[in-house]
$ cat target14.csv   # CSV, C-alpha atoms
chain,number,residue,atom,x,y,z
A,1049,MET,CA,-20.0,-38.2,-19.6
A,1050,ARG,CA,-19.0,-35.1,-21.5
A,1051,ARG,CA,-21.2,-32.9,-19.3
A,1052,THR,CA,-19.7,-34.5,-16.2
A,1053,LEU,CA,-16.2,-33.7,-17.4
A,1054,LEU,CA,-17.2,-30.1,-18.2
A,1055,ILE,CA,-18.6,-29.7,-14.7
A,1056,ILE,CA,-15.5,-31.2,-13.1
A,1057,GLY,CA,-13.3,-28.9,-15.2
A,1058,LEU,CA,-15.3,-25.8,-14.2
A,1059,LEU,CA,-15.2,-26.8,-10.6
A,1060,ILE,CA,-11.4,-27.3,-10.7
A,1061,LEU,CA,-11.0,-23.9,-12.5
A,1062,SER,CA,-13.2,-22.2,-9.9
A,1063,ILE,CA,-11.3,-23.7,-7.0
A,1064,THR,CA,-8.0,-22.7,-8.5
A,1065,CYS,CA,-9.2,-19.1,-9.1
A,1066,PHE,CA,-10.5,-18.9,-5.6
A,1067,ALA,CA,-7.2,-20.2,-4.1
A,1068,LEU,CA,-5.2,-17.7,-6.1
A,1069,GLN,CA,-7.4,-14.8,-5.0
A,1070,CYS,CA,-7.1,-15.9,-1.4
A,1071,GLU,CA,-3.4,-16.3,-1.5
A,1072,GLN,CA,-1.9,-14.0,1.1
A,1073,VAL,CA,0.9,-11.7,0.2
A,1074,VAL,CA,3.5,-11.7,3.0
A,1075,PHE,CA,5.8,-8.8,3.5
A,1076,GLU,CA,9.2,-8.8,5.3
A,1077,GLN,CA,10.8,-6.5,7.7
A,1078,PRO,CA,12.6,-4.1,8.2
A,1079,VAL,CA,10.2,-1.5,6.8
A,1080,ILE,CA,10.7,2.1,5.8
A,1081,VAL,CA,7.7,4.4,5.9
A,1082,THR,CA,7.4,7.7,4.0
A,1083,SER,CA,4.7,10.2,3.1
A,1084,ALA,CA,3.3,11.0,-0.3
A,1085,GLY,CA,1.8,14.4,0.1
A,1086,GLN,CA,3.1,15.3,3.6
A,1087,SER,CA,-0.1,14.7,5.6
A,1088,PRO,CA,0.3,13.4,9.2
A,1089,GLY,CA,-0.8,9.9,8.1
A,1090,ALA,CA,2.7,8.6,7.7
A,1091,LEU,CA,3.7,9.7,11.1
A,1092,GLN,CA,0.5,8.1,12.5
A,1093,LEU,CA,1.4,4.9,10.7
A,1094,THR,CA,4.7,4.7,12.7
A,1095,VAL,CA,2.7,4.7,15.9
A,1096,VAL,CA,0.5,1.9,14.6
A,1097,ALA,CA,3.6,0.0,13.3
A,1098,LYS,CA,5.1,0.2,16.8
A,1099,MET,CA,1.9,-1.2,18.3
A,1100,ALA,CA,2.1,-4.0,15.8
A,1101,LYS,CA,5.8,-4.6,16.6
A,1102,ILE,CA,6.8,-4.0,13.1
A,1103,GLU,CA,10.5,-3.1,12.7
A,1104,HIS,CA,10.4,0.3,10.9
A,1105,THR,CA,12.1,3.5,10.1
A,1106,PHE,CA,10.3,6.8,9.2
A,1107,GLU,CA,11.7,9.2,6.7
A,1108,LYS,CA,9.0,11.8,5.7
A,1109,LEU,CA,11.0,13.0,2.7
A,1110,LEU,CA,12.7,9.8,1.6
A,1111,ASP,CA,13.9,10.0,-2.0
A,1112,ALA,CA,15.3,7.6,-4.4
A,1113,ASP,CA,18.9,8.7,-3.7
A,1114,GLN,CA,18.5,8.0,0.0
A,1115,PHE,CA,16.7,4.7,-0.3
A,1116,GLU,CA,18.9,1.8,0.7
A,1117,ALA,CA,17.4,-1.2,-1.1
A,1118,GLU,CA,19.7,-3.6,0.7
A,1119,THR,CA,18.5,-2.4,4.1
A,1120,TYR,CA,14.7,-2.4,3.7
A,1121,LYS,CA,12.5,-5.3,2.5
A,1122,THR,CA,9.3,-3.3,2.4
A,1123,LEU,CA,8.4,0.3,1.6
A,1124,ILE,CA,5.1,1.7,2.9
A,1125,ILE,CA,4.0,4.9,1.3
A,1126,VAL,CA,1.1,6.7,3.0
A,1127,VAL,CA,-0.7,8.8,0.4
A,1128,GLY,CA,-2.4,12.0,1.5
A,1129,ALA,CA,-1.7,15.5,0.1
A,1130,SER,CA,-1.8,18.3,2.6
A,1131,GLY,CA,-1.3,21.9,1.5
A,1132,LYS,CA,-0.2,22.7,5.1
A,1133,GLY,CA,2.2,19.8,5.3
A,1134,LEU,CA,3.7,20.5,1.8
A,1135,GLY,CA,4.1,24.2,2.8
A,1136,ALA,CA,5.8,23.4,6.1
A,1137,ALA,CA,8.2,21.1,4.2
A,1138,GLY,CA,8.8,23.8,1.6
A,1139,ILE,CA,7.8,21.4,-1.2
A,1140,GLU,CA,5.5,22.0,-4.3
A,1141,ILE,CA,3.1,19.2,-5.1
A,1142,ASP,CA,4.9,18.5,-8.5
A,1143,ALA,CA,8.2,18.0,-6.7
A,1144,GLU,CA,6.5,15.7,-4.2
A,1145,PHE,CA,4.8,13.7,-7.0
A,1146,GLN,CA,8.2,13.3,-8.7
A,1147,ARG,CA,10.0,12.3,-5.5
A,1148,VAL,CA,7.6,9.5,-4.6
A,1149,VAL,CA,7.3,8.1,-8.2
A,1150,LEU,CA,11.1,8.0,-8.5
A,1151,LEU,CA,11.3,6.3,-5.1
A,1152,ALA,CA,8.8,3.7,-6.0
A,1153,GLN,CA,10.6,3.0,-9.3
A,1154,LYS,CA,13.9,2.5,-7.5
A,1155,ALA,CA,12.3,0.3,-4.8
A,1156,LYS,CA,10.6,-1.9,-7.5
A,1157,GLU,CA,13.8,-2.2,-9.5
A,1158,HIS,CA,15.6,-3.6,-6.4
A,1159,GLY,CA,12.8,-6.0,-5.6
A,1160,THR,CA,11.5,-4.2,-2.5
A,1161,LYS,CA,7.8,-4.8,-1.9
A,1162,ILE,CA,5.6,-1.7,-1.8
A,1163,ILE,CA,2.4,-1.1,0.2
A,1164,LEU,CA,0.3,2.0,-0.5
A,1165,GLY,CA,-2.1,3.3,2.1
A,1166,ASN,CA,-4.6,5.9,3.2
A,1167,LEU,CA,-4.7,6.3,7.0
A,1168,GLU,CA,-6.8,9.4,7.3
A,1169,GLY,CA,-9.8,8.5,5.3
A,1170,GLU,CA,-11.9,10.7,3.1
A,1171,SER,CA,-10.3,13.9,4.4
A,1172,ARG,CA,-7.1,12.8,2.5
A,1173,ARG,CA,-8.8,12.1,-0.8
A,1174,GLY,CA,-8.8,14.8,-3.4
A,1175,THR,CA,-7.3,15.6,-6.8
A,1176,SER,CA,-3.7,15.7,-5.6
A,1177,SER,CA,-3.9,12.7,-3.4
A,1178,ASP,CA,-5.7,10.7,-6.1
A,1179,GLU,CA,-3.2,11.6,-8.8
A,1180,ILE,CA,-0.3,10.5,-6.5
A,1181,LEU,CA,-2.2,7.2,-5.7
A,1182,LEU,CA,-2.9,6.5,-9.3
A,1183,ALA,CA,0.8,7.2,-10.3
A,1184,LEU,CA,2.1,4.9,-7.6
A,1185,ALA,CA,-0.5,2.1,-8.1
A,1186,PRO,CA,1.6,0.3,-10.8
A,1187,TYR,CA,4.3,-0.2,-8.2
A,1188,ALA,CA,2.1,-1.5,-5.4
A,1189,ASP,CA,2.1,-5.0,-4.1
A,1190,ALA,CA,-0.8,-4.3,-1.6
A,1191,LEU,CA,-3.1,-1.5,-0.5
A,1192,PHE,CA,-4.7,-0.5,2.8
A,1193,ALA,CA,-7.3,2.2,3.3
A,1194,LYS,CA,-9.7,3.5,5.9
A,1195,VAL,CA,-13.2,2.5,4.8
A,1196,ASP,CA,-14.4,6.0,4.2
A,1197,ALA,CA,-11.5,6.7,1.8
A,1198,ASN,CA,-12.9,4.0,-0.5
A,1199,GLN,CA,-16.5,5.3,-0.8
A,1200,ASP,CA,-16.0,5.7,-4.5
A,1201,ASN,CA,-14.3,2.3,-4.7
A,1202,LEU,CA,-11.0,3.7,-6.1
A,1203,PHE,CA,-8.9,1.5,-3.9
A,1204,THR,CA,-11.1,-1.5,-4.8
A,1205,LYS,CA,-10.7,-0.8,-8.5
A,1206,ILE,CA,-6.9,-0.5,-8.2
A,1207,SER,CA,-6.8,-3.8,-6.2
A,1208,GLU,CA,-8.9,-5.6,-8.8
A,1209,GLU,CA,-7.1,-4.2,-11.8
A,1210,ARG,CA,-3.7,-5.0,-10.4
A,1211,SER,CA,-4.7,-8.3,-8.7
A,1212,ILE,CA,-3.2,-7.1,-5.4
A,1213,PRO,CA,-4.7,-7.4,-1.9
A,1214,LEU,CA,-6.7,-4.5,-0.4
A,1215,LYS,CA,-7.3,-4.3,3.4
A,1216,LEU,CA,-9.9,-1.9,4.6
A,1217,PHE,CA,-10.3,-0.8,8.2
A,1218,GLU,CA,-12.7,1.3,10.2
A,1219,LYS,CA,-10.5,3.0,12.9
A,1220,THR,CA,-6.8,3.8,12.9
A,1221,VAL,CA,-6.2,1.3,15.7
A,1222,ASP,CA,-7.7,-1.4,13.4
A,1223,LEU,CA,-4.7,-1.0,11.2
A,1224,VAL,CA,-2.7,-3.0,13.7
A,1225,VAL,CA,-4.6,-6.1,12.6
A,1226,VAL,CA,-4.0,-5.3,8.9
A,1227,LEU,CA,-0.2,-4.9,9.5
A,1228,ASN,CA,-0.1,-8.2,11.4
A,1229,GLU,CA,-1.8,-9.9,8.5
A,1230,PHE,CA,0.7,-8.4,6.0
A,1231,PHE,CA,3.7,-9.0,8.2
A,1232,VAL,CA,3.3,-12.6,9.5
A,1233,LYS,CA,5.8,-13.1,12.2

$ encode --input "target14.csv" --output "structure tokens"
Amino acid sequence: MRRTLLIIGLLILSITCFALQCEQVVFEQPVIVTSAGQSPGALQLTVVAKMAKIEHTFEKLLDADQFEAETYKTLIIVVGASGKGLGAAGIEIDAEFQRVVLLAQKAKEHGTKIILGNLEGESRRGTSSDEILLALAPYADALFAKVDANQDNLFTKISEERSIPLKLFEKTVDLVVVLNEFFVK
């Protein structure tokens, strides 16, 4: 009898854990998109968001002072440091790092959901990109990444440590499906 109760208890616990892991996080619109590192990925995301019919605004240099928490339900930050993009914007990496962390802090304080993503794959992984990603991870409610950006399982580790969903995709166009899963209409 005791053994049966133990087995039933473990079964219930397993089902509960599975259900919690499978619970889908749903994000609301409108969305504001910004870059963390000034790579072209954030602009590419706006094209994909349009394809997915996600109501969004793009501000490549959005900072905490400009962020209107009452206007936007979700903030998507596309992480990818680009020396060329930072140079064109006239920004040093330290200033960019500070901008996006302060933005994430303000968004979180106001209850805005945050999605972090990598759209450009392995080419946008590196020391600066990874430092930004790890600094923003504590504020994230979900992650998405191109499969080859997760070869070292960094996105998987963040997802598991924070118990937040991670959606991986092969091609940029596949991100439409991911966005439609996140933003159930």

$ residues_around --input "target14.csv" --residues "Gly1174 (chain A)" --least-positions-apart "4" --cutoff "9 Å" --atoms "all atoms listed in the file" --output "list in words"
Gly1128, Ala1129, Glu1170, Asp1178 and Glu1179 of chain A

$ residues_around --input "target14.csv" --residues "Phe1230 (chain A)" --least-positions-apart "4" --cutoff "9 Å" --atoms "only C-alpha atoms" --output "compact mmCIF listing (two decimals) with C-alpha atoms, in the frame of the given file"
# COMPACT_ATOMS: atom_id res chain seq x y z
CA GLN A 1072 -1.90 -14.00 1.10
CA VAL A 1073 0.90 -11.70 0.20
CA VAL A 1074 3.50 -11.70 3.00
CA PHE A 1075 5.80 -8.80 3.50
CA GLU A 1076 9.20 -8.80 5.30
CA ALA A 1190 -0.80 -4.30 -1.60
CA VAL A 1225 -4.60 -6.10 12.60
CA VAL A 1226 -4.00 -5.30 8.90

$ residues_near_point --input "target14.csv" --point "(-6.1, -4.7, -2.9)" --cutoff "9 Å" --atoms "all atoms listed in the file" --output "list of chain:residue names"
A:Asp1189, A:Ala1190, A:Leu1191, A:Phe1192, A:Phe1203, A:Thr1204, A:Lys1205, A:Ile1206, A:Ser1207, A:Glu1208, A:Glu1209, A:Arg1210, A:Ser1211, A:Ile1212, A:Pro1213, A:Leu1214, A:Lys1215, A:Leu1216

$ write_last_selection --input "target14.csv" --atoms "C-alpha atoms" --output "PDB file, in the coordinates of the input"
ATOM      1  CA  ASP A1189       2.100  -5.000  -4.100  1.00  0.00           C
ATOM      2  CA  ALA A1190      -0.800  -4.300  -1.600  1.00  0.00           C
ATOM      3  CA  LEU A1191      -3.100  -1.500  -0.500  1.00  0.00           C
ATOM      4  CA  PHE A1192      -4.700  -0.500   2.800  1.00  0.00           C
ATOM      5  CA  PHE A1203      -8.900   1.500  -3.900  1.00  0.00           C
ATOM      6  CA  THR A1204     -11.100  -1.500  -4.800  1.00  0.00           C
ATOM      7  CA  LYS A1205     -10.700  -0.800  -8.500  1.00  0.00           C
ATOM      8  CA  ILE A1206      -6.900  -0.500  -8.200  1.00  0.00           C
ATOM      9  CA  SER A1207      -6.800  -3.800  -6.200  1.00  0.00           C
ATOM     10  CA  GLU A1208      -8.900  -5.600  -8.800  1.00  0.00           C
ATOM     11  CA  GLU A1209      -7.100  -4.200 -11.800  1.00  0.00           C
ATOM     12  CA  ARG A1210      -3.700  -5.000 -10.400  1.00  0.00           C
ATOM     13  CA  SER A1211      -4.700  -8.300  -8.700  1.00  0.00           C
ATOM     14  CA  ILE A1212      -3.200  -7.100  -5.400  1.00  0.00           C
ATOM     15  CA  PRO A1213      -4.700  -7.400  -1.900  1.00  0.00           C
ATOM     16  CA  LEU A1214      -6.700  -4.500  -0.400  1.00  0.00           C
ATOM     17  CA  LYS A1215      -7.300  -4.300   3.400  1.00  0.00           C
ATOM     18  CA  LEU A1216      -9.900  -1.900   4.600  1.00  0.00           C
TER      19      LEU A1216
END

$ residues_around --input "target14.csv" --residues "Lys1194 (chain A)" --least-positions-apart "2" --cutoff "12 Å" --atoms "only C-alpha atoms" --output "PyMOL selection string"
chain A and resi 1089+1126-1127+1164-1173+1191-1192+1196-1199+1201+1203-1204+1214-1223+1226

$ closest_residue --input "target14.csv" --among "A:Thr1122, A:Gln1114, A:Ser1087, A:Thr1094" --to "Arg1147 (chain A)" --atoms "all atoms listed in the file"
A:Gln1114

$ residues_around --input "target14.csv" --residues "Ala1097 (chain A)" --least-positions-apart "4" --cutoff "10 Å" --atoms "only C-alpha atoms" --output "list in words"
Val1079, Val1081, Leu1091, Gln1092, Leu1093, Lys1101, Ile1102, Glu1103, His1104, Thr1105, Leu1223, Val1224, Leu1227 and Asn1228 of chain A

$ closest_residue --input "target14.csv" --among "A:Ala1100, A:Phe1106, A:Glu1229, A:Ile1180" --to "Leu1123 (chain A)" --atoms "all atoms listed in the file"
A:Phe1106

$ closest_residue --input "target14.csv" --among "A:Glu1107, A:Ile1125, A:Glu1116, A:Phe1145" --to "Ala1183 (chain A)" --atoms "only C-alpha atoms"
A:Phe1145

$ closest_residue --input "target14.csv" --among "A:Gln1146, A:Gly1138, A:Asp1200, A:Gly1131" --to "Asp1111 (chain A)" --atoms "all atoms listed in the file"
A:Gln1146

$ atom_distance --input "target14.csv" --atom1 "CA of Pro1078 (chain A)" --atom2 "CA of Lys1156 (chain A)"
16.0 Å

$ axis_aligned_box --input "target14.csv" --around "region 1201-1205 of chain A" --padding-each-side "6 Å" --output "lines of an AutoDock Vina configuration file"
center_x = -11.6
center_y = 1.1
center_z = -6.2
size_x = 17.4
size_y = 17.2
size_z = 16.6

$ residues_around --input "target14.csv" --residues "region 1133-1137 of chain A" --least-positions-apart "5" --cutoff "8 Å" --atoms "all atoms listed in the file" --output "VMD selection string"
chain A and resid 1085 to 1088
